[in-house]
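K.L.:
What follows is a structure written as structure tokens; I'll ask about it next.
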2 protein chains.
Amino acid sequence: MPVITRRVDSVEADYRCYFCFARTFERLMEKHTLTAAEKKELAAEMFSHFHNGASGFSVPALSRELYRLFREKSGVVDPYERIKYESNDRLLREYGSFREKIGHSDDPFETALRLAIAGNIIDYGVSDQYDLEGTITRVLESPFAINHAEQLKQRVADAKTILYLGDNAGEIVFDKLFIETFHHPNVWYAVRGAPVINDATLRDAAQVKMEEVARVIDNGSDAPSTLPEKCSHAFQQLYNEADLVISKGQGNLEGLIDASRDDIYFLLMVKCDVIADRLGVPKGSFVCASHKLKNEQAG
Amino acid sequence: MPVITRRVDSVEADYRCYFCFARTFERLMEKHTLTAAEKKELAAEMFSHFHNGASGFSVPALSRELYRLFREKSGVVDPYERIKYESNDRLLREYGSFREKIGHSDDPFETALRLAIAGNIIDYGVSDQYDLEGTITRVLESPFAINHAEQLKQRVADAKTILYLGDNAGEIVFDKLFIETFHHPNVWYAVRGAPVINDATLRDAAQVKMEEVARVIDNGSDAPSTLPEKCSHAFQQLYNEADLVISKGQGNLEGLIDASRDDIYFLLMVKCDVIADRLGVPKGSFVCASHKLKNEQAG
């Protein structure tokens, strides 16, 4: 199954993305204190972005613009601050039991990888409601739509430097558990450079003590993705020099799907029809896909 | 409670209306065969209307534009044709039992009026799902947020000519039952001049045999509302000369809320926060409100 079918800089905004953004921003606006006039202005500017960017506007870039707009109008710098704290806190309380589950499994690497993908359900850019328990059950039992976990395990063993791109708060706890199974001396964990949706930042990395298993770096950008050209120089250098990049979540995939560097592995839940169509897999699938192995079969 | 608080030609599009239109059109687009390119174009044009009309665009006028756009792009002149037929058919099969319920009630006029308002739940511009049975139970048992039914009953008795503005297919069956209770020789029933959403047209009036209780006229317009200045000359004359106008549904209210003529009674379910705020009543309320009696209390 061809994983990637055409080349653009990142995922283009499909008309379906506009409707999805409209739903997300309606929810966001209703939850925060804005006057009717401010809401109207925000909505009008959002629709102007949709209109003007109707062709070729990348999803992560558009998302970044829209969340910036929300921050400006609302004065709320981090609308998901409390939610992020609580997601981390909830998962940290179960850290021990998940660790035990991984340790006692036949293949701790694959079990931890699967849990790390389950954690990707905690995504407030998609929905405020999610079923983590159900997703964990499903991720441990279901075949993946694309499964390059064995190759990834080998690459982890061979790589001198690994760059792991985090996605959401809460999920970051599973990332830590997964990285623990690497027993690798040189893993970097990257977070967003500024708050956007419930994406993990340095504060979340500190809350879950990520420094116990990896060196932590922020990417210097406020996109809910990894757009290398928009990231800090330090991050770019690391991104270019790492032997292996592990990209968590749909947001990072959207930015890197056509990246020119080799050895990126995408670990994600497929959350929408746009990405499902792009990857040629059903919506809701779990994916561990090597960017390099574009024409490999699913396993 | 003040019913109407400011004057514009019809209800202005609030930012909330844009989100509501986006949801409705997303549903509509998913249900019809359009290519991805056509959907993208349609979405872009819709967002351009939102952007350009961000202040002062009336809801019925915008709605008319958007459904026109959909018809042009899709080539589907009447996307709700089958749904309208089935709604009428379903209610017609229960005509006898509703008629009995009305006839056996203490106040047939008010019972029929309440059922006519319950029928207003059948509105595909708001949702594809509705609970007619539950709404009927609720409408018969709940106090109305505004209740000028007694005055309306008197006005029906006194009026020489009554113009009844229909709203949706299905609902039109309840309108017929209600008009039957008038025992009035000179009632006109107006439908839309062309298909728009599931609003009733001449075809629906014929299906339910509305001519048995009223003379039927189409208003010459394809707005999902009554915008008198956009209607046919014949309709305008009738609208100006009728002693009493009974306006069914939120769509007609949106067009006539600040109409200059007297003696309009609005019968509706309040389906959204925008109209709820405007009328000063809770969303979901049932309303029978005289346009003239702006400062009367709810009953």
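FYI, nothing fancy with the structure tokens labels: chains A, B, ... in order, residues from 1 per chain, ligands from 1 as they appear.
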Taking only residues of chain B that have an atom at most 9 Å from an atom of chain A, what is each one's shortest atom pair and its distance in Å to one decimal, using only C-alpha atoms, in chain and number order, as CSV?
P.N.:
```
residue,atom,partner,partner_atom,distance
B:Asp14,CA,A:Lys40,CA,7.2
B:Tyr15,CA,A:Lys40,CA,4.9
B:Arg16,CA,A:Lys40,CA,8.1
B:Tyr18,CA,A:Ala43,CA,8.1
B:Phe19,CA,A:Ala22,CA,6.6
B:Ala22,CA,A:Phe19,CA,6.6
B:Arg23,CA,A:Phe19,CA,7.4
B:Glu26,CA,A:Phe19,CA,6.9
B:Ala36,CA,A:Tyr15,CA,8.2
B:Ala37,CA,A:Tyr15,CA,8.9
B:Lys39,CA,A:Tyr15,CA,6.9
B:Lys40,CA,A:Tyr15,CA,4.9
B:Glu41,CA,A:Ala54,CA,8.2
B:Leu42,CA,A:Tyr15,CA,8.8
B:Ala43,CA,A:Tyr15,CA,6.2
B:Ala44,CA,A:His51,CA,5.2
B:Glu45,CA,A:His51,CA,7.2
B:Met46,CA,A:His51,CA,8.3
B:Phe47,CA,A:Phe47,CA,5.4
B:Ser48,CA,A:His51,CA,5.3
B:His49,CA,A:Phe47,CA,8.9
B:Phe50,CA,A:Phe47,CA,6.4
B:His51,CA,A:Ala44,CA,5.2
B:Asn52,CA,A:Ser48,CA,8.2
B:Gly53,CA,A:Ala44,CA,8.8
B:Ala54,CA,A:Ala44,CA,5.8
B:Ser55,CA,A:Lys40,CA,8.5
```
K.L.:
Grab the residues selected above and save them as a PDB file, in the first residue's frame with N, CA and C atoms.
P.N.:
```pdb
ATOM      1  N   ASP B  14     -25.614  36.570  12.956  1.00  0.00           N
ATOM      2  CA  ASP B  14     -24.759  36.590  14.122  1.00  0.00           C
ATOM      3  C   ASP B  14     -23.576  35.670  13.790  1.00  0.00           C
ATOM      4  N   TYR B  15     -22.439  35.779  14.496  1.00  0.00           N
ATOM      5  CA  TYR B  15     -21.344  34.856  14.210  1.00  0.00           C
ATOM      6  C   TYR B  15     -21.804  33.411  14.421  1.00  0.00           C
ATOM      7  N   ARG B  16     -22.743  33.223  15.359  1.00  0.00           N
ATOM      8  CA  ARG B  16     -23.234  31.872  15.620  1.00  0.00           C
ATOM      9  C   ARG B  16     -23.973  31.300  14.406  1.00  0.00           C
ATOM     10  N   TYR B  18     -23.132  31.737  11.341  1.00  0.00           N
ATOM     11  CA  TYR B  18     -22.139  31.230  10.391  1.00  0.00           C
ATOM     12  C   TYR B  18     -21.742  29.799  10.737  1.00  0.00           C
ATOM     13  N   PHE B  19     -21.515  29.554  12.034  1.00  0.00           N
ATOM     14  CA  PHE B  19     -21.144  28.198  12.443  1.00  0.00           C
ATOM     15  C   PHE B  19     -22.284  27.226  12.157  1.00  0.00           C
ATOM     16  N   ALA B  22     -22.356  26.474   8.557  1.00  0.00           N
ATOM     17  CA  ALA B  22     -21.240  25.583   8.210  1.00  0.00           C
ATOM     18  C   ALA B  22     -21.620  24.133   8.516  1.00  0.00           C
ATOM     19  N   ARG B  23     -22.211  23.892   9.674  1.00  0.00           N
ATOM     20  CA  ARG B  23     -22.624  22.529  10.035  1.00  0.00           C
ATOM     21  C   ARG B  23     -23.661  21.984   9.060  1.00  0.00           C
ATOM     22  N   GLU B  26     -22.116  21.327   5.627  1.00  0.00           N
ATOM     23  CA  GLU B  26     -21.230  20.163   5.656  1.00  0.00           C
ATOM     24  C   GLU B  26     -22.081  18.888   5.511  1.00  0.00           C
ATOM     25  N   ALA B  36     -14.667  16.265  -5.113  1.00  0.00           N
ATOM     26  CA  ALA B  36     -13.908  16.986  -4.082  1.00  0.00           C
ATOM     27  C   ALA B  36     -13.695  18.431  -4.519  1.00  0.00           C
ATOM     28  N   ALA B  37     -13.432  18.639  -5.826  1.00  0.00           N
ATOM     29  CA  ALA B  37     -13.180  20.005  -6.312  1.00  0.00           C
ATOM     30  C   ALA B  37     -14.439  20.861  -6.178  1.00  0.00           C
ATOM     31  N   LYS B  39     -16.873  20.400  -4.018  1.00  0.00           N
ATOM     32  CA  LYS B  39     -17.092  20.656  -2.590  1.00  0.00           C
ATOM     33  C   LYS B  39     -16.179  21.773  -2.092  1.00  0.00           C
ATOM     34  N   LYS B  40     -14.957  21.723  -2.556  1.00  0.00           N
ATOM     35  CA  LYS B  40     -13.984  22.733  -2.146  1.00  0.00           C
ATOM     36  C   LYS B  40     -14.439  24.123  -2.602  1.00  0.00           C
ATOM     37  N   GLU B  41     -14.879  24.209  -3.841  1.00  0.00           N
ATOM     38  CA  GLU B  41     -15.375  25.478  -4.388  1.00  0.00           C
ATOM     39  C   GLU B  41     -16.576  25.990  -3.609  1.00  0.00           C
ATOM     40  N   LEU B  42     -17.498  25.064  -3.345  1.00  0.00           N
ATOM     41  CA  LEU B  42     -18.709  25.417  -2.620  1.00  0.00           C
ATOM     42  C   LEU B  42     -18.350  25.938  -1.227  1.00  0.00           C
ATOM     43  N   ALA B  43     -17.458  25.210  -0.557  1.00  0.00           N
ATOM     44  CA  ALA B  43     -17.045  25.630   0.785  1.00  0.00           C
ATOM     45  C   ALA B  43     -16.375  27.000   0.728  1.00  0.00           C
ATOM     46  N   ALA B  44     -15.490  27.183  -0.247  1.00  0.00           N
ATOM     47  CA  ALA B  44     -14.776  28.466  -0.348  1.00  0.00           C
ATOM     48  C   ALA B  44     -15.760  29.605  -0.585  1.00  0.00           C
ATOM     49  N   GLU B  45     -16.753  29.382  -1.454  1.00  0.00           N
ATOM     50  CA  GLU B  45     -17.728  30.453  -1.713  1.00  0.00           C
ATOM     51  C   GLU B  45     -18.575  30.729  -0.482  1.00  0.00           C
ATOM     52  N   MET B  46     -18.917  29.655   0.228  1.00  0.00           N
ATOM     53  CA  MET B  46     -19.688  29.851   1.450  1.00  0.00           C
ATOM     54  C   MET B  46     -18.895  30.692   2.449  1.00  0.00           C
ATOM     55  N   PHE B  47     -17.618  30.358   2.625  1.00  0.00           N
ATOM     56  CA  PHE B  47     -16.819  31.100   3.583  1.00  0.00           C
ATOM     57  C   PHE B  47     -16.620  32.544   3.129  1.00  0.00           C
ATOM     58  N   SER B  48     -16.597  32.746   1.819  1.00  0.00           N
ATOM     59  CA  SER B  48     -16.463  34.110   1.337  1.00  0.00           C
ATOM     60  C   SER B  48     -17.721  34.919   1.674  1.00  0.00           C
ATOM     61  N   HIS B  49     -18.896  34.280   1.592  1.00  0.00           N
ATOM     62  CA  HIS B  49     -20.118  34.967   2.021  1.00  0.00           C
ATOM     63  C   HIS B  49     -20.025  35.330   3.501  1.00  0.00           C
ATOM     64  N   PHE B  50     -19.539  34.409   4.299  1.00  0.00           N
ATOM     65  CA  PHE B  50     -19.431  34.666   5.742  1.00  0.00           C
ATOM     66  C   PHE B  50     -18.496  35.851   5.976  1.00  0.00           C
ATOM     67  N   HIS B  51     -17.389  35.824   5.243  1.00  0.00           N
ATOM     68  CA  HIS B  51     -16.387  36.855   5.458  1.00  0.00           C
ATOM     69  C   HIS B  51     -16.896  38.221   4.994  1.00  0.00           C
ATOM     70  N   ASN B  52     -17.421  38.230   3.790  1.00  0.00           N
ATOM     71  CA  ASN B  52     -17.848  39.517   3.225  1.00  0.00           C
ATOM     72  C   ASN B  52     -19.089  40.067   3.899  1.00  0.00           C
ATOM     73  N   GLY B  53     -19.947  39.164   4.337  1.00  0.00           N
ATOM     74  CA  GLY B  53     -21.187  39.617   4.953  1.00  0.00           C
ATOM     75  C   GLY B  53     -21.086  39.646   6.457  1.00  0.00           C
ATOM     76  N   ALA B  54     -19.863  39.718   6.960  1.00  0.00           N
ATOM     77  CA  ALA B  54     -19.679  39.522   8.393  1.00  0.00           C
ATOM     78  C   ALA B  54     -20.490  40.481   9.258  1.00  0.00           C
ATOM     79  N   SER B  55     -20.871  41.622   8.726  1.00  0.00           N
ATOM     80  CA  SER B  55     -21.767  42.447   9.530  1.00  0.00           C
ATOM     81  C   SER B  55     -23.014  42.805   8.731  1.00  0.00           C
TER      82      SER B  55
END
```
K.L.:
Using only C-alpha atoms, which protein or nucleic acid residues come within 7 Å of stretch 170-181 of chain B? Drop anything in the same chain fewer than 2 positions from it, and give the result as a PyMOL selection string.
P.N.:
chain B and resi 84+87-88+91-92+99+108-109+112-113+115-116+119-120+122+166+168+183+208+210+213
K.L.:
May I have the residues within 12 Å of A:Arg71 as a PDB file with N, CA and C atoms, in the first residue's frame, using only C-alpha atoms and disregarding those fewer than 3 positions away in the same chain?
P.N.:
```
ATOM      1  N   PHE A  25     -13.232  25.711  16.616  1.00  0.00           N
ATOM      2  CA  PHE A  25     -13.200  27.087  17.102  1.00  0.00           C
ATOM      3  C   PHE A  25     -14.525  27.528  17.697  1.00  0.00           C
ATOM      4  N   LEU A  28     -14.233  26.285  21.169  1.00  0.00           N
ATOM      5  CA  LEU A  28     -13.245  27.077  21.906  1.00  0.00           C
ATOM      6  C   LEU A  28     -13.825  28.441  22.290  1.00  0.00           C
ATOM      7  N   MET A  29     -14.509  29.073  21.348  1.00  0.00           N
ATOM      8  CA  MET A  29     -15.085  30.396  21.597  1.00  0.00           C
ATOM      9  C   MET A  29     -16.173  30.338  22.654  1.00  0.00           C
ATOM     10  N   HIS A  32     -14.737  30.316  26.324  1.00  0.00           N
ATOM     11  CA  HIS A  32     -13.959  31.410  26.893  1.00  0.00           C
ATOM     12  C   HIS A  32     -14.725  32.724  26.844  1.00  0.00           C
ATOM     13  N   THR A  33     -14.309  33.606  27.762  1.00  0.00           N
ATOM     14  CA  THR A  33     -15.034  34.855  27.919  1.00  0.00           C
ATOM     15  C   THR A  33     -14.627  35.835  26.833  1.00  0.00           C
ATOM     16  N   LEU A  34     -15.459  35.917  25.843  1.00  0.00           N
ATOM     17  CA  LEU A  34     -15.258  36.904  24.783  1.00  0.00           C
ATOM     18  C   LEU A  34     -16.594  37.626  24.631  1.00  0.00           C
ATOM     19  N   GLU A  38     -16.264  40.493  19.921  1.00  0.00           N
ATOM     20  CA  GLU A  38     -14.969  39.810  19.743  1.00  0.00           C
ATOM     21  C   GLU A  38     -15.161  38.469  19.037  1.00  0.00           C
ATOM     22  N   LEU A  42     -13.555  37.418  15.508  1.00  0.00           N
ATOM     23  CA  LEU A  42     -12.736  36.217  15.417  1.00  0.00           C
ATOM     24  C   LEU A  42     -13.288  35.286  14.335  1.00  0.00           C
ATOM     25  N   ARG A  64      -1.964  27.082  13.205  1.00  0.00           N
ATOM     26  CA  ARG A  64      -1.151  28.027  13.982  1.00  0.00           C
ATOM     27  C   ARG A  64      -1.725  29.431  13.898  1.00  0.00           C
ATOM     28  N   GLU A  65      -2.099  29.858  12.691  1.00  0.00           N
ATOM     29  CA  GLU A  65      -2.666  31.202  12.507  1.00  0.00           C
ATOM     30  C   GLU A  65      -3.949  31.363  13.316  1.00  0.00           C
ATOM     31  N   LEU A  66      -4.793  30.339  13.272  1.00  0.00           N
ATOM     32  CA  LEU A  66      -6.094  30.447  13.939  1.00  0.00           C
ATOM     33  C   LEU A  66      -5.941  30.496  15.455  1.00  0.00           C
ATOM     34  N   TYR A  67      -5.044  29.678  15.995  1.00  0.00           N
ATOM     35  CA  TYR A  67      -4.857  29.715  17.451  1.00  0.00           C
ATOM     36  C   TYR A  67      -4.177  31.020  17.878  1.00  0.00           C
ATOM     37  N   ARG A  68      -3.323  31.547  17.031  1.00  0.00           N
ATOM     38  CA  ARG A  68      -2.742  32.864  17.315  1.00  0.00           C
ATOM     39  C   ARG A  68      -3.830  33.921  17.398  1.00  0.00           C
ATOM     40  N   SER A  74      -8.687  36.879  22.550  1.00  0.00           N
ATOM     41  CA  SER A  74      -9.212  36.494  23.866  1.00  0.00           C
ATOM     42  C   SER A  74      -8.295  36.948  24.987  1.00  0.00           C
ATOM     43  N   GLY A  75      -7.025  37.207  24.671  1.00  0.00           N
ATOM     44  CA  GLY A  75      -6.054  37.483  25.729  1.00  0.00           C
ATOM     45  C   GLY A  75      -5.716  36.236  26.540  1.00  0.00           C
ATOM     46  N   VAL A  76      -6.254  35.081  26.124  1.00  0.00           N
ATOM     47  CA  VAL A  76      -5.965  33.826  26.838  1.00  0.00           C
ATOM     48  C   VAL A  76      -4.788  33.160  26.134  1.00  0.00           C
ATOM     49  N   VAL A  77      -3.639  33.166  26.803  1.00  0.00           N
ATOM     50  CA  VAL A  77      -2.422  32.678  26.161  1.00  0.00           C
ATOM     51  C   VAL A  77      -2.435  31.156  26.058  1.00  0.00           C
ATOM     52  N   ASP A  78      -3.026  30.504  27.052  1.00  0.00           N
ATOM     53  CA  ASP A  78      -2.951  29.042  27.103  1.00  0.00           C
ATOM     54  C   ASP A  78      -4.305  28.466  27.515  1.00  0.00           C
ATOM     55  N   PRO A  79      -5.268  28.450  26.570  1.00  0.00           N
ATOM     56  CA  PRO A  79      -6.636  28.059  26.939  1.00  0.00           C
ATOM     57  C   PRO A  79      -6.737  26.635  27.493  1.00  0.00           C
ATOM     58  N   TYR A  80      -5.775  25.798  27.204  1.00  0.00           N
ATOM     59  CA  TYR A  80      -5.844  24.405  27.661  1.00  0.00           C
ATOM     60  C   TYR A  80      -4.893  24.128  28.831  1.00  0.00           C
ATOM     61  N   ALA A 194       5.694  26.955  22.262  1.00  0.00           N
ATOM     62  CA  ALA A 194       4.709  27.803  22.947  1.00  0.00           C
ATOM     63  C   ALA A 194       3.387  27.051  22.991  1.00  0.00           C
ATOM     64  N   PRO A 195       2.498  27.439  23.918  1.00  0.00           N
ATOM     65  CA  PRO A 195       1.235  26.707  24.032  1.00  0.00           C
ATOM     66  C   PRO A 195       0.410  26.798  22.760  1.00  0.00           C
ATOM     67  N   VAL A 196      -0.104  25.681  22.316  1.00  0.00           N
ATOM     68  CA  VAL A 196      -1.085  25.628  21.219  1.00  0.00           C
ATOM     69  C   VAL A 196      -1.924  24.363  21.426  1.00  0.00           C
ATOM     70  N   ILE A 197      -3.246  24.558  21.461  1.00  0.00           N
ATOM     71  CA  ILE A 197      -4.181  23.488  21.830  1.00  0.00           C
ATOM     72  C   ILE A 197      -3.648  22.815  23.097  1.00  0.00           C
ATOM     73  N   ASP A 222       5.161  27.719  17.544  1.00  0.00           N
ATOM     74  CA  ASP A 222       3.839  27.576  18.156  1.00  0.00           C
ATOM     75  C   ASP A 222       2.846  26.898  17.213  1.00  0.00           C
TER      76      ASP A 222
END
```
K.L.:
Got a sec: who's within 12 Å of B:Glu241, counting only C-alpha atoms, leaving out chain neighbours fewer than 4 positions off, as a PyMOL selection string?
P.N.:
chain B and resi 159-163+188+234-237+245+261-263
K.L.:
Let's see if you can do this: from backbone DSSP, list all helix (DSSP H, G or I) residues in stretch 9-199 of chain A, as a PyMOL selection string.
P.N.:
chain A and resi 15-31+36-52+59-74+81-92+95-103+108-121+132-141+149-158+171-180
K.L.:
Write a file of the just-selected residues containing C-alpha atoms, as a JSON list (two decimals), in the first residue's frame.
P.N.:
```
[["chain", "number", "residue", "atom", "x", "y", "z"],
["A", 15, "TYR", "CA", -12.44, 21.72, 2.39],
["A", 16, "ARG", "CA", -13.15, 19.19, 5.15],
["A", 17, "CYS", "CA", -10.41, 20.78, 7.25],
["A", 18, "TYR", "CA", -12.25, 24.10, 7.16],
["A", 19, "PHE", "CA", -15.41, 22.54, 8.55],
["A", 20, "CYS", "CA", -13.36, 20.79, 11.21],
["A", 21, "PHE", "CA", -11.64, 24.05, 12.18],
["A", 22, "ALA", "CA", -15.04, 25.76, 12.33],
["A", 23, "ARG", "CA", -16.32, 23.14, 14.79],
["A", 24, "THR", "CA", -13.20, 23.30, 16.93],
["A", 25, "PHE", "CA", -13.20, 27.09, 17.10],
["A", 26, "GLU", "CA", -16.89, 27.28, 17.85],
["A", 27, "ARG", "CA", -16.27, 25.04, 20.87],
["A", 28, "LEU", "CA", -13.24, 27.08, 21.91],
["A", 29, "MET", "CA", -15.08, 30.40, 21.60],
["A", 30, "GLU", "CA", -18.03, 29.17, 23.63],
["A", 31, "LYS", "CA", -15.75, 28.11, 26.46],
["A", 36, "ALA", "CA", -20.20, 38.99, 21.15],
["A", 37, "ALA", "CA", -18.28, 41.59, 19.14],
["A", 38, "GLU", "CA", -14.97, 39.81, 19.74],
["A", 39, "LYS", "CA", -16.47, 36.47, 18.78],
["A", 40, "LYS", "CA", -17.89, 37.97, 15.62],
["A", 41, "GLU", "CA", -14.51, 39.47, 14.70],
["A", 42, "LEU", "CA", -12.74, 36.22, 15.42],
["A", 43, "ALA", "CA", -15.23, 34.23, 13.34],
["A", 44, "ALA", "CA", -15.00, 36.72, 10.46],
["A", 45, "GLU", "CA", -11.19, 36.55, 10.45],
["A", 46, "MET", "CA", -11.29, 32.78, 10.59],
["A", 47, "PHE", "CA", -13.63, 32.62, 7.61],
["A", 48, "SER", "CA", -11.41, 35.08, 5.75],
["A", 49, "HIS", "CA", -8.49, 32.68, 6.24],
["A", 50, "PHE", "CA", -10.64, 29.86, 4.87],
["A", 51, "HIS", "CA", -11.65, 31.96, 1.91],
["A", 52, "ASN", "CA", -8.26, 33.38, 1.07],
["A", 59, "VAL", "CA", -3.19, 22.52, 7.83],
["A", 60, "PRO", "CA", -0.54, 23.08, 10.52],
["A", 61, "ALA", "CA", 0.20, 26.60, 9.25],
["A", 62, "LEU", "CA", -3.50, 27.46, 9.18],
["A", 63, "SER", "CA", -4.00, 25.96, 12.61],
["A", 64, "ARG", "CA", -1.15, 28.03, 13.98],
["A", 65, "GLU", "CA", -2.67, 31.20, 12.51],
["A", 66, "LEU", "CA", -6.09, 30.45, 13.94],
["A", 67, "TYR", "CA", -4.86, 29.72, 17.45],
["A", 68, "ARG", "CA", -2.74, 32.86, 17.31],
["A", 69, "LEU", "CA", -5.83, 34.81, 16.35],
["A", 70, "PHE", "CA", -7.73, 33.28, 19.26],
["A", 71, "ARG", "CA", -4.96, 34.20, 21.70],
["A", 72, "GLU", "CA", -4.86, 37.78, 20.44],
["A", 73, "LYS", "CA", -8.61, 38.32, 20.60],
["A", 74, "SER", "CA", -9.21, 36.49, 23.87],
["A", 81, "GLU", "CA", -3.45, 25.03, 30.57],
["A", 82, "ARG", "CA", -5.55, 23.31, 33.22],
["A", 83, "ILE", "CA", -6.59, 20.49, 30.91],
["A", 84, "LYS", "CA", -2.96, 19.76, 30.07],
["A", 85, "TYR", "CA", -1.99, 19.70, 33.74],
["A", 86, "GLU", "CA", -4.85, 17.36, 34.58],
["A", 87, "SER", "CA", -4.16, 15.02, 31.64],
["A", 88, "ASN", "CA", -0.56, 14.62, 32.75],
["A", 89, "ASP", "CA", -1.59, 14.21, 36.36],
["A", 90, "ARG", "CA", -4.18, 11.55, 35.55],
["A", 91, "LEU", "CA", -1.73, 9.47, 33.55],
["A", 92, "LEU", "CA", 1.13, 9.94, 36.00],
["A", 95, "TYR", "CA", 2.49, 5.32, 35.57],
["A", 96, "GLY", "CA", 3.42, 2.40, 37.82],
["A", 97, "SER", "CA", 0.66, 0.13, 36.60],
["A", 98, "PHE", "CA", 1.35, 0.85, 32.93],
["A", 99, "ARG", "CA", 5.03, 0.26, 33.53],
["A", 100, "GLU", "CA", 4.23, -3.10, 35.06],
["A", 101, "LYS", "CA", 1.94, -4.00, 32.14],
["A", 102, "ILE", "CA", 4.77, -3.19, 29.71],
["A", 103, "GLY", "CA", 7.41, -5.03, 31.76],
["A", 108, "PRO", "CA", 7.82, -4.56, 25.99],
["A", 109, "PHE", "CA", 8.91, -2.39, 23.04],
["A", 110, "GLU", "CA", 5.79, -3.11, 21.02],
["A", 111, "THR", "CA", 3.45, -2.91, 24.03],
["A", 112, "ALA", "CA", 4.88, 0.47, 25.00],
["A", 113, "LEU", "CA", 4.72, 1.63, 21.37],
["A", 114, "ARG", "CA", 1.05, 0.64, 21.23],
["A", 115, "LEU", "CA", 0.26, 2.45, 24.46],
["A", 116, "ALA", "CA", 2.11, 5.51, 23.19],
["A", 117, "ILE", "CA", -0.16, 5.49, 20.14],
["A", 118, "ALA", "CA", -3.27, 5.03, 22.33],
["A", 119, "GLY", "CA", -2.23, 8.16, 24.22],
["A", 120, "ASN", "CA", -2.62, 10.08, 20.98],
["A", 121, "ILE", "CA", -6.42, 9.98, 21.55],
["A", 132, "LEU", "CA", -8.76, 6.45, 26.78],
["A", 133, "GLU", "CA", -9.59, 3.09, 28.37],
["A", 134, "GLY", "CA", -11.41, 1.88, 25.25],
["A", 135, "THR", "CA", -8.59, 3.11, 23.04],
["A", 136, "ILE", "CA", -5.99, 1.29, 25.13],
["A", 137, "THR", "CA", -7.95, -1.96, 24.88],
["A", 138, "ARG", "CA", -8.32, -1.46, 21.15],
["A", 139, "VAL", "CA", -4.67, -0.52, 20.53],
["A", 140, "LEU", "CA", -3.42, -3.62, 22.34],
["A", 141, "GLU", "CA", -5.73, -5.98, 20.46],
["A", 149, "ALA", "CA", 7.35, -1.59, 14.52],
["A", 150, "GLU", "CA", 9.97, -4.28, 13.95],
["A", 151, "GLN", "CA", 12.03, -2.06, 11.68],
["A", 152, "LEU", "CA", 11.67, 0.80, 14.14],
["A", 153, "LYS", "CA", 12.93, -1.40, 16.98],
["A", 154, "GLN", "CA", 16.01, -2.23, 14.93],
["A", 155, "ARG", "CA", 16.58, 1.41, 14.00],
["A", 156, "VAL", "CA", 16.34, 2.42, 17.67],
["A", 157, "ALA", "CA", 19.02, -0.14, 18.49],
["A", 158, "ASP", "CA", 21.28, 1.11, 15.69],
["A", 171, "GLU", "CA", 0.11, 11.37, 25.86],
["A", 172, "ILE", "CA", 3.60, 12.51, 26.86],
["A", 173, "VAL", "CA", 3.42, 10.13, 29.86],
["A", 174, "PHE", "CA", 3.12, 7.17, 27.48],
["A", 175, "ASP", "CA", 5.96, 8.60, 25.40],
["A", 176, "LYS", "CA", 8.13, 8.52, 28.50],
["A", 177, "LEU", "CA", 7.17, 4.89, 29.18],
["A", 178, "PHE", "CA", 7.98, 4.01, 25.58],
["A", 179, "ILE", "CA", 11.35, 5.79, 25.62],
["A", 180, "GLU", "CA", 12.23, 3.91, 28.81]]
```
K.L.:
So how many Å separate atom CA of B:Ser105 and atom CA of B:Ser142, to one decimal?
P.N.:
15.8 Å
K.L.:
What's the separation between atom CA of A:Leu244 and atom CA of A:Phe266, in Å to one decimal place?
P.N.:
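Result for atom CA of A:Leu244 versus atom CA of A:Phe266: 11.2 Å, one decimal.
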K.L.:
Using Å and a single decimal, report how far atom CA of B:Lys271 sits from atom CA of B:Val126.
P.N.:
7.6 Å
